file model-v4.txt (compact mmCIF, C-alpha atoms)
# COMPACT_ATOMS: atom_id res chain seq x y z
CA MET A 44 219.05 163.30 207.92
CA ALA A 45 219.79 166.38 205.90
CA CYS A 46 218.20 167.05 202.58
CA ARG A 47 220.87 166.63 199.90
CA SER A 48 218.80 168.10 197.11
CA GLY A 49 218.54 171.43 198.92
CA CYS A 50 214.76 171.50 198.98
CA CYS A 51 212.73 173.76 201.24
CA CYS A 52 211.99 171.01 203.75
CA GLY A 53 215.49 171.07 205.19
CA SER A 54 216.52 168.63 207.89
CA ILE A 55 213.32 167.39 209.51
CA ASN A 56 212.03 164.00 210.50
CA GLU A 57 208.50 162.74 210.14
CA ASP A 58 207.45 163.29 213.77
CA ASN A 59 208.50 166.93 213.67
CA ALA A 60 206.79 167.37 210.31
CA ARG A 61 203.58 165.95 211.74
CA PHE A 62 203.85 168.28 214.72
CA LEU A 63 204.38 171.32 212.50
CA LEU A 64 201.44 170.36 210.28
CA LEU A 65 199.21 170.04 213.34
CA ALA A 66 200.40 173.39 214.71
CA LEU A 67 199.71 175.01 211.35
CA PHE A 68 196.27 173.43 211.24
CA ILE A 69 195.42 174.70 214.74
CA VAL A 70 196.56 178.23 213.88
CA LEU A 71 194.48 178.26 210.70
CA TYR A 72 191.55 176.76 212.61
CA LEU A 73 191.77 179.52 215.24
CA LEU A 74 191.93 182.23 212.59
CA CYS A 75 188.90 180.85 210.76
CA GLY A 76 186.97 180.46 214.01
CA ALA A 77 187.80 184.01 215.07
CA ALA A 78 186.62 185.37 211.72
CA VAL A 79 183.32 183.46 211.87
CA PHE A 80 182.50 184.36 215.48
CA SER A 81 183.50 187.97 214.93
CA ALA A 82 181.13 188.22 211.97
CA LEU A 83 178.30 186.55 213.89
CA GLU A 84 178.61 188.10 217.35
CA GLN A 85 180.11 191.57 216.90
CA PRO A 86 176.90 193.23 215.59
CA LYS A 87 175.01 191.84 218.58
CA GLU A 88 177.66 193.17 220.94
CA ARG A 89 177.48 196.66 219.46
CA GLU A 90 173.70 196.67 219.65
CA ALA A 91 173.77 195.60 223.31
CA LYS A 92 176.37 198.26 224.13
CA GLU A 93 174.28 201.02 222.55
CA ARG A 94 171.16 199.82 224.35
CA TRP A 95 172.98 199.79 227.69
CA GLU A 96 174.34 203.31 227.23
CA GLN A 97 170.83 204.58 226.49
CA ARG A 98 169.39 202.86 229.58
CA PHE A 99 172.25 204.09 231.74
CA GLU A 100 171.73 207.66 230.61
CA HIS A 101 167.96 207.47 231.07
CA PHE A 102 168.24 205.94 234.56
CA SER A 103 170.75 208.54 235.80
CA GLN A 104 168.58 211.42 234.57
CA LYS A 105 165.34 209.95 235.89
CA TYR A 106 166.59 209.46 239.45
CA ASN A 107 169.02 212.42 239.41
CA LEU A 108 172.12 210.28 240.00
CA SER A 109 175.61 211.11 238.91
CA LYS A 110 177.28 208.69 236.57
CA LYS A 111 180.16 208.25 239.01
CA GLU A 112 177.85 207.17 241.85
CA LEU A 113 175.95 204.82 239.57
CA ASN A 114 179.18 203.25 238.29
CA ASN A 115 180.35 202.68 241.86
CA PHE A 116 177.04 200.98 242.68
CA LEU A 117 177.35 198.72 239.64
CA ARG A 118 180.90 197.76 240.65
CA ASN A 119 179.59 196.76 244.07
CA TYR A 120 176.98 194.58 242.40
CA GLU A 121 179.65 192.93 240.24
CA GLU A 122 181.57 192.01 243.40
CA ALA A 123 178.40 190.55 244.92
CA ASN A 124 177.74 188.67 241.70
CA VAL A 125 181.18 187.05 241.88
CA ALA A 126 180.38 185.95 245.44
CA GLY A 127 177.23 184.21 244.19
CA ILE A 128 174.61 186.89 244.91
CA ARG A 129 171.96 187.17 242.20
CA VAL A 130 168.86 189.27 241.67
CA ASP A 131 166.67 186.18 241.38
CA THR A 132 166.39 183.68 244.21
CA ILE A 133 168.84 180.84 243.65
CA ARG A 134 170.13 177.94 245.68
CA PRO A 135 172.80 178.63 248.30
CA ARG A 136 176.29 178.45 246.91
CA TRP A 137 178.21 177.03 249.84
CA ASP A 138 175.90 174.67 251.67
CA PHE A 139 176.86 171.00 251.32
CA THR A 140 174.89 170.36 248.12
CA GLY A 141 176.13 173.60 246.54
CA ALA A 142 179.72 172.80 247.52
CA PHE A 143 179.33 169.28 246.11
CA TYR A 144 178.18 170.76 242.80
CA PHE A 145 181.20 173.07 242.85
CA VAL A 146 183.78 170.33 243.46
CA GLY A 147 182.12 168.30 240.69
CA THR A 148 182.77 171.12 238.23
CA VAL A 149 186.35 171.35 239.52
CA VAL A 150 187.43 167.72 239.18
CA SER A 151 185.61 167.32 235.86
CA THR A 152 187.46 170.46 234.59
CA ILE A 153 184.13 172.02 233.51
CA GLY A 154 184.50 175.09 235.72
CA PHE A 155 181.26 176.95 235.00
CA GLY A 156 182.48 179.94 237.02
CA MET A 157 179.20 180.73 238.76
CA THR A 158 180.82 179.71 242.07
CA THR A 159 184.41 180.51 243.01
CA PRO A 160 186.23 180.51 246.37
CA ALA A 161 186.53 183.98 247.88
CA THR A 162 188.76 183.25 250.89
CA ILE A 163 192.53 182.74 250.82
CA GLY A 164 192.16 179.36 252.48
CA GLY A 165 189.63 178.24 249.88
CA LYS A 166 191.87 179.30 246.98
CA VAL A 167 194.92 177.54 248.42
CA PHE A 168 192.95 174.38 249.16
CA LEU A 169 191.54 174.42 245.63
CA MET A 170 195.03 174.24 244.13
CA PHE A 171 195.87 170.99 245.92
CA TYR A 172 192.36 169.58 245.73
CA GLY A 173 192.10 170.15 241.97
CA LEU A 174 195.54 168.64 241.33
CA LEU A 175 194.57 165.23 242.69
CA GLY A 176 190.91 165.42 241.71
CA CYS A 177 191.50 166.33 238.05
CA ALA A 178 194.14 163.61 237.67
CA SER A 179 191.80 161.00 239.17
CA THR A 180 188.93 162.07 236.94
CA ILE A 181 191.09 161.92 233.80
CA LEU A 182 192.12 158.40 234.82
CA PHE A 183 188.43 157.54 235.21
CA PHE A 184 187.72 158.85 231.71
CA ASN A 185 190.57 156.75 230.31
CA LEU A 186 189.24 153.63 232.01
CA PHE A 187 185.80 154.44 230.63
CA LEU A 188 187.31 154.53 227.14
CA GLU A 189 188.94 151.16 227.74
CA ARG A 190 185.60 149.65 228.76
CA VAL A 191 183.88 151.07 225.70
CA ILE A 192 186.48 149.52 223.38
CA THR A 193 186.27 146.21 225.26
CA VAL A 194 182.48 146.07 225.00
CA ILE A 195 182.62 146.84 221.27
CA ALA A 196 185.25 144.13 220.77
CA VAL A 197 183.22 141.54 222.68
CA VAL A 198 180.02 142.38 220.79
CA LEU A 199 181.67 142.21 217.36
CA LYS A 200 183.44 138.96 218.20
CA SER A 201 180.22 137.42 219.51
CA CYS A 202 178.40 138.41 216.32
CA TYR A 203 181.15 136.88 214.19
CA GLU A 204 181.17 133.64 216.15
CA ARG A 205 177.38 133.43 216.03
CA ARG A 206 177.39 133.77 212.25
CA HIS A 207 179.96 130.99 211.84
CA SER A 208 178.83 128.60 214.59
CA ASN A 209 175.90 127.04 212.71
CA ILE A 210 177.83 124.42 210.75
CA ILE A 211 175.78 121.46 209.56
CA LEU A 212 177.44 118.05 209.61
CA PRO A 213 177.24 115.88 206.48
CA GLN A 214 175.55 112.47 206.48
CA ASN A 215 178.72 110.54 207.32
CA GLY A 216 179.27 112.59 210.48
CA ARG A 217 182.48 114.19 209.22
CA ARG A 218 183.06 117.79 208.29
CA THR A 219 184.41 118.73 204.94
CA SER A 220 187.78 120.45 204.72
CA GLU A 221 186.18 123.89 204.24
CA GLU A 222 183.92 123.39 207.25
CA GLY A 223 186.81 122.23 209.38
CA ARG A 224 188.86 125.25 208.47
CA ALA A 225 185.91 127.52 209.25
CA ARG A 226 185.46 125.94 212.67
CA ALA A 227 189.18 126.26 213.41
CA LYS A 228 189.04 129.87 212.27
CA VAL A 229 186.23 130.61 214.72
CA GLU A 230 187.99 128.86 217.59
CA ASP A 231 191.25 130.68 216.88
CA LEU A 232 189.86 134.24 217.19
CA SER A 233 192.24 135.44 219.86
CA GLY A 234 193.17 138.93 218.70
CA TRP A 235 190.27 141.08 217.63
CA LYS A 236 190.39 144.87 217.50
CA PRO A 237 187.59 147.28 216.59
CA SER A 238 188.07 149.84 213.87
CA VAL A 239 188.58 153.42 215.03
CA TYR A 240 185.71 154.46 212.77
CA CYS A 241 183.40 151.94 214.41
CA VAL A 242 184.33 153.27 217.87
CA MET A 243 183.89 156.85 216.70
CA LEU A 244 180.46 156.08 215.26
CA ILE A 245 179.25 154.40 218.44
CA LEU A 246 180.61 157.12 220.73
CA GLY A 247 179.13 159.81 218.50
CA ALA A 248 175.72 158.14 218.54
CA ALA A 249 175.90 157.76 222.33
CA ALA A 250 176.87 161.42 222.79
CA ILE A 251 174.03 162.58 220.53
CA LEU A 252 171.52 160.39 222.34
CA VAL A 253 172.59 161.61 225.78
CA SER A 254 172.58 165.25 224.62
CA CYS A 255 169.11 165.00 223.08
CA CYS A 256 167.62 163.35 226.17
CA ALA A 257 169.31 165.84 228.50
CA SER A 258 168.13 168.76 226.35
CA LEU A 259 164.53 167.61 226.72
CA MET A 260 164.93 167.59 230.48
CA TYR A 261 166.63 171.00 230.60
CA SER A 262 164.02 172.55 228.31
CA ALA A 263 161.23 171.42 230.63
CA ALA A 264 162.98 172.22 233.91
CA GLU A 265 165.00 175.37 233.18
CA GLY A 266 162.69 176.95 230.61
CA TRP A 267 165.42 177.10 227.95
CA GLY A 268 164.83 176.62 224.26
CA TYR A 269 165.78 173.25 222.85
CA LEU A 270 168.71 174.64 220.83
CA ASP A 271 169.91 176.53 223.89
CA SER A 272 169.73 173.28 225.85
CA LEU A 273 171.78 171.48 223.17
CA TYR A 274 174.30 174.30 223.33
CA PHE A 275 174.54 173.93 227.11
CA CYS A 276 175.00 170.16 226.78
CA PHE A 277 177.94 170.53 224.40
CA VAL A 278 179.58 173.26 226.49
CA ALA A 279 179.16 171.24 229.69
CA PHE A 280 179.95 167.77 228.30
CA SER A 281 183.06 169.00 226.49
CA THR A 282 184.22 170.63 229.78
CA ILE A 283 184.38 174.07 228.15
CA GLY A 284 182.05 175.48 230.79
CA PHE A 285 181.47 179.12 229.84
CA GLY A 286 179.09 179.66 232.74
CA ASP A 287 176.53 181.70 230.78
CA MET A 288 174.02 178.87 231.27
CA VAL A 289 174.19 176.64 234.34
CA SER A 290 171.71 173.94 235.26
CA SER A 291 170.23 173.08 238.66
CA GLN A 292 170.66 176.53 240.22
CA ARG A 293 167.15 177.27 241.48
CA THR A 294 166.09 176.61 245.02
CA VAL A 295 162.87 174.87 244.02
CA TYR A 296 161.60 173.72 240.62
CA GLU A 297 157.83 174.06 240.45
CA GLY A 298 156.05 171.06 238.99
CA LEU A 299 159.16 168.87 239.22
CA PRO A 300 160.69 166.84 242.05
CA THR A 301 163.77 168.92 242.75
CA ALA A 302 165.83 166.06 244.24
CA ALA A 303 165.14 163.78 241.27
CA TYR A 304 166.04 166.55 238.84
CA ARG A 305 169.38 167.16 240.56
CA VAL A 306 170.20 163.43 240.42
CA CYS A 307 169.30 163.25 236.73
CA ASN A 308 171.36 166.38 236.06
CA PHE A 309 174.40 164.77 237.71
CA PHE A 310 173.89 161.53 235.76
CA PHE A 311 173.57 163.27 232.40
CA ILE A 312 176.62 165.47 232.96
CA LEU A 313 178.75 162.51 234.06
CA THR A 314 177.65 160.31 231.16
CA GLY A 315 177.97 163.12 228.63
CA VAL A 316 181.45 164.10 229.75
CA CYS A 317 182.63 160.48 229.50
CA CYS A 318 181.21 160.09 225.98
CA ILE A 319 182.49 163.41 224.66
CA TYR A 320 185.95 162.94 226.21
CA SER A 321 186.27 159.51 224.60
CA LEU A 322 184.93 160.85 221.31
CA PHE A 323 187.50 163.66 221.30
CA ASN A 324 190.31 161.15 221.76
CA VAL A 325 189.07 158.99 218.90
CA ILE A 326 188.67 162.03 216.63
CA SER A 327 192.26 162.98 217.46
CA ILE A 328 193.33 159.62 216.01
CA VAL A 329 191.44 160.38 212.80
CA ILE A 330 193.13 163.79 212.62
CA LYS A 331 196.48 162.09 213.04
CA GLN A 332 195.66 159.72 210.22
CA VAL A 333 194.89 162.70 207.99
CA LEU A 334 198.25 164.23 208.92
CA ASN A 335 200.00 160.97 208.05
CA TRP A 336 198.17 160.93 204.71
CA LEU A 337 199.35 164.48 204.03
CA LEU A 338 202.91 163.50 204.91
CA ARG A 339 202.75 160.60 202.48
CA ARG A 340 201.48 162.97 199.80
CA LEU A 341 204.34 165.37 200.52
CA GLU A 342 206.79 162.47 200.56
CA ALA A 343 206.39 161.87 196.83
CA PRO A 344 208.03 165.11 195.58
CA CYS A 345 210.59 165.15 198.40
CA ARG A 346 211.55 161.63 199.46
CA CYS A 347 214.94 162.73 200.76
CA CYS A 348 213.31 164.52 203.72
CA PHE A 349 211.27 161.56 204.93
CA PRO A 350 212.84 158.10 205.18
CA ARG A 351 211.10 155.24 203.45
CA ARG A 352 209.02 153.01 205.61
CA GLY A 353 209.78 149.36 206.06
CA HIS A 354 206.69 148.38 204.09
CA PRO A 355 206.19 150.86 201.26
CA HIS A 356 203.18 149.01 199.88
CA ARG A 357 200.47 149.46 202.44
CA HIS A 358 197.13 147.79 202.49
CA PRO A 359 194.52 150.10 200.97
CA ARG A 360 191.81 149.23 203.48
CA ARG A 361 192.13 149.88 207.19
CA ASN A 362 188.58 149.52 208.48
CA VAL A 363 187.60 145.97 207.61
CA VAL A 364 186.49 143.59 210.37
CA ALA A 365 188.50 140.41 209.98
CA PRO A 366 189.99 137.77 212.32
CA GLY A 367 193.68 137.76 213.10
CA ASN A 368 194.53 134.11 212.96
CA LEU A 369 197.46 134.67 210.59
CA ARG A 370 199.65 136.41 213.11
CA THR A 371 202.77 135.04 214.79
CA ARG A 372 203.39 135.83 218.41
CA ARG A 373 206.53 137.12 220.12
CA GLU A 374 207.56 136.88 223.72
CA PRO A 375 205.78 139.40 225.96
CA SER A 376 207.73 142.61 226.40
CA ILE A 377 207.16 145.59 228.65
CA GLU A 378 208.21 147.87 225.82
CA THR A 379 205.10 146.89 223.87
CA ASP A 380 202.53 146.68 226.67
CA ALA A 381 203.32 143.06 227.43
CA VAL A 382 202.12 141.75 224.06
CA ASN A 383 204.30 142.52 221.04
CA GLU A 384 203.08 140.67 218.00
CA SER A 385 204.71 140.60 214.60
CA GLU A 386 203.66 139.30 211.21
CA THR A 387 204.81 138.80 207.68
CA ASP A 388 203.73 140.83 204.69
CA THR A 389 201.13 138.25 203.74
CA GLY A 390 199.86 137.89 207.30
CA ARG A 391 199.48 141.52 208.26
CA ARG A 392 196.63 142.17 210.69
CA MET A 393 193.59 143.74 209.13
CA SER A 394 192.35 147.02 210.54
CA GLY A 395 189.01 145.75 211.81
CA GLU A 396 190.53 143.12 214.06
CA MET A 397 189.41 143.35 217.67
CA ILE A 398 191.55 143.10 220.78
CA SER A 399 191.63 139.92 222.81
CA MET A 400 190.66 140.09 226.47
CA ARG A 401 193.96 138.51 227.52
CA ASP A 402 196.00 141.13 225.68
CA PHE A 403 193.75 143.88 226.97
CA LEU A 404 194.08 142.90 230.65
CA ALA A 405 197.82 142.35 230.29
CA ALA A 406 198.24 145.79 228.76
CA ASN A 407 196.36 147.41 231.63
CA LYS A 408 198.71 145.90 234.19
CA VAL A 409 201.89 147.28 232.66
CA ASN A 410 200.86 150.82 231.68
CA LEU A 411 202.31 152.18 234.92
CA ALA A 412 205.47 150.11 234.47
CA ILE A 413 205.95 151.54 230.99
CA MET A 414 205.73 155.08 232.29
CA GLN A 415 208.15 154.31 235.13
CA LYS A 416 210.60 152.72 232.70
CA GLN A 417 210.47 155.70 230.37
CA LEU A 418 210.96 158.17 233.20
CA SER A 419 213.83 156.11 234.59
CA GLU A 420 215.58 156.03 231.21
CA MET A 421 215.18 159.76 230.82
CA ALA A 422 216.47 160.42 234.34
CA ASN A 423 219.50 158.17 233.81
CA GLY A 424 220.31 159.75 230.49
CA HIS A 425 219.72 156.59 228.47
CA PRO A 426 217.28 157.38 225.69
CA ARG A 427 215.17 154.61 224.28
CA GLN A 428 216.36 152.90 221.15
CA PRO A 429 214.65 154.13 218.01
CA GLY A 430 213.62 150.64 217.02
CA SER A 431 211.79 149.97 220.29
CA SER A 432 209.70 153.10 220.46
CA SER A 433 209.36 154.30 216.90
CA ARG A 434 206.65 152.49 215.04
CA GLN A 435 206.08 152.47 211.33
CA ASN A 436 202.44 153.44 211.61
CA GLY A 437 202.93 156.95 212.96
CA PHE A 438 201.19 156.22 216.26
CA SER A 439 204.10 155.26 218.45
CA GLY A 440 204.21 155.47 222.21
CA GLY A 441 201.72 157.25 224.38
CA VAL A 442 200.38 156.83 227.88
CA GLY A 443 196.78 157.33 228.97
CA ALA A 444 194.11 157.84 226.34
CA LEU A 445 196.66 158.00 223.50
CA GLY A 446 198.37 154.84 224.71
CA ILE A 447 195.01 153.09 225.01
CA MET A 448 194.06 153.84 221.45
CA ASN A 449 197.54 153.15 220.09
CA ASN A 450 197.33 149.56 221.27
CA ARG A 451 193.62 148.83 221.25
CA LEU A 452 192.29 150.23 217.99
CA ALA A 453 193.01 148.61 214.67
CA GLU A 454 194.23 151.63 212.72
CA THR A 455 196.73 152.57 215.44
CA SER A 456 197.85 149.13 216.56
CA VAL A 457 201.63 148.65 216.55
CA ASP A 458 201.29 144.98 215.63
CA ARG A 459 199.34 145.36 212.43
call {"tool": "encode", "arguments": {"input": "model-v4.txt", "output": "structure tokens"}}
result
Amino acid sequence: MACRSGCCCGSINEDNARFLLLALFIVLYLLCGAAVFSALEQPKEREAKERWEQRFEHFSQKYNLSKKELNNFLRNYEEANVAGIRVDTIRPRWDFTGAFYFVGTVVSTIGFGMTTPATIGGKVFLMFYGLLGCASTILFFNLFLERVITVIAVVLKSCYERRHSNIILPQNGRRTSEEGRARAKVEDLSGWKPSVYCVMLILGAAAILVSCCASLMYSAAEGWGYLDSLYFCFVAFSTIGFGDMVSSQRTVYEGLPTAAYRVCNFFFILTGVCCIYSLFNVISIVIKQVLNWLLRRLEAPCRCCFPRRGHPHRHPRRNVVAPGNLRTRREPSIETDAVNESETDTGRRMSGEMISMRDFLAANKVNLAIMQKQLSEMANGHPRQPGSSSRQNGFSGGVGALGIMNNRLAETSVDR
């Protein structure tokens, strides 16, 4: 709705405001990053450029070569370097093992760049091969995130039940009213969800552990420093893949079983990519929570631009592990991933509540149906009703990793 008071916010809804805040944050983040890297790396670049010009001049005078001929020779070497030819002896690029390493970097979206197709047929095939392979790998990462959240939920629920299962009977063989309610509370734990902060902590610890172990291996095998190995792990696991440092490129590793090292390298990269990908998705939820907090802060001086929520008085704590036995259940609906639960103000789900296995499996079965329904409505020109897709928690909708976290983490659950 329009702003009647004529403030600077104009006509804008909360979703657009969140999008603009995120875009502004990314722009400021890029500017700050550019300033920092420019201050750190530009002096080194100038020093290397001056050193190269001195060596180039000295080499051309020593061997009586013209600068034009030497430049042509260096261009030829750059072409050979793109084709995979190096000064040092390295493993073949396009035998079966080298090609397998290449397709692994393609489907994982790492793309180190040390190997690229040079033929027209290879480039055309890569376009179609990467389309299906990248989509399948992203699906694998999403399923990995689901399993991580499920394991955390099962562990937390087991710990809770173990703490409350040791109930001692009184002498007359009957439980007291408090003990009976406690036992019923334990037996009625059907809707647990882990806190997003708990998931982020566990994924962060797993990513750090994998990176530290992999860095020890790379330091011993590749001869890199430990900090350089950590740098490589982050660049590879986050699928940035600069290509300045690439593991498992030598033909033979002296003092190490080469085959075992290549298997361990594949295992660490796969595990690290899964952990970092899942961690990035969870961190994105935290960023979105910060944006929602900023919107609520901006809502105070300008309430006409943002409509009031249905429940203005929110619970102050969103990361407390607590059972969800106070909820009432609705009929399953495909619009809400087959389980749409509601509650009263006094029975609102706490943020630490874990997901139940039944809800989790039911949600997995209808993710594709949700996407098909949304695409069908868009194609037929029938937009979804605002009440069915717009949630009051700022985390509505989503398919894939965002949809997983929207319905399986406490802070983003639509049925809180």
call {"tool": "closest_atom_pairs", "arguments": {"input": "model-v4.txt", "of": "range 169-197 of chain A", "to": "range 156-164 of chain A", "cutoff": "12 Å", "atoms": "all atoms listed in the file", "output": "CSV"}}
result
residue,atom,partner,partner_atom,distance
A:Leu169,CA,A:Pro160,CA,8.1
A:Met170,CA,A:Gly164,CA,10.2
A:Phe171,CA,A:Gly164,CA,11.3
A:Tyr172,CA,A:Gly164,CA,11.9
call {"tool": "closest_residue", "arguments": {"input": "model-v4.txt", "among": "A:Asn335, A:Ser201, A:Thr193, A:Gln97", "to": "Glu57 in chain A", "atoms": "all atoms listed in the file"}}
result
A:Asn335
call {"tool": "atom_distance", "arguments": {"input": "model-v4.txt", "atom1": "CA of Ile283 in chain A", "atom2": "CA of Ile245 in chain A"}}
result
22.5 Å
call {"tool": "atom_distance", "arguments": {"input": "model-v4.txt", "atom1": "CA of Thr301 in chain A", "atom2": "CA of Thr180 in chain A"}}
result
26.7 Å
call {"tool": "closest_residue", "arguments": {"input": "model-v4.txt", "among": "A:Ala126, A:Cys177, A:Leu259, A:Ala279", "to": "Ser151 in chain A", "atoms": "all atoms listed in the file"}}
result
A:Cys177
call {"tool": "residues_near_point", "arguments": {"input": "model-v4.txt", "point": "(170.9, 182.9, 240.8)", "cutoff": "10 Å", "atoms": "all atoms listed in the file", "output": "ChimeraX atom specification"}}
result
/A:124,127-136,157,289,292-294
call {"tool": "residues_around", "arguments": {"input": "model-v4.txt", "residues": "Met260 in chain A", "least_positions_apart": "4", "cutoff": "10 Å", "atoms": "all atoms listed in the file", "output": "list of chain:residue names"}}
result
A:Ser254, A:Cys255, A:Cys256, A:Ala264, A:Glu265, A:Gly266, A:Trp267, A:Tyr269, A:Ser272, A:Tyr304, A:Cys307, A:Asn308, A:Phe311
call {"tool": "write_last_selection", "arguments": {"input": "model-v4.txt", "atoms": "C-alpha atoms", "output": "CSV table (one decimal), in the coordinates of the input"}}
result
chain,number,residue,atom,x,y,z
A,254,SER,CA,172.6,165.2,224.6
A,255,CYS,CA,169.1,165.0,223.1
A,256,CYS,CA,167.6,163.4,226.2
A,264,ALA,CA,163.0,172.2,233.9
A,265,GLU,CA,165.0,175.4,233.2
A,266,GLY,CA,162.7,177.0,230.6
A,267,TRP,CA,165.4,177.1,228.0
A,269,TYR,CA,165.8,173.2,222.8
A,272,SER,CA,169.7,173.3,225.8
A,304,TYR,CA,166.0,166.6,238.8
A,307,CYS,CA,169.3,163.2,236.7
A,308,ASN,CA,171.4,166.4,236.1
A,311,PHE,CA,173.6,163.3,232.4
call {"tool": "atom_distance", "arguments": {"input": "model-v4.txt", "atom1": "CA of Asp287 in chain A", "atom2": "CA of Phe275 in chain A"}}
result
8.8 Å
call {"tool": "closest_residue", "arguments": {"input": "model-v4.txt", "among": "A:Leu337, A:Val242, A:Leu83, A:Ala248", "to": "Glu189 in chain A", "atoms": "only C-alpha atoms"}}
result
A:Val242
call {"tool": "residues_around", "arguments": {"input": "model-v4.txt", "residues": "Thr152 in chain A", "least_positions_apart": "3", "cutoff": "7 Å", "atoms": "only C-alpha atoms", "output": "PyMOL selection string"}}
result
chain A and resi 148-149+177+282
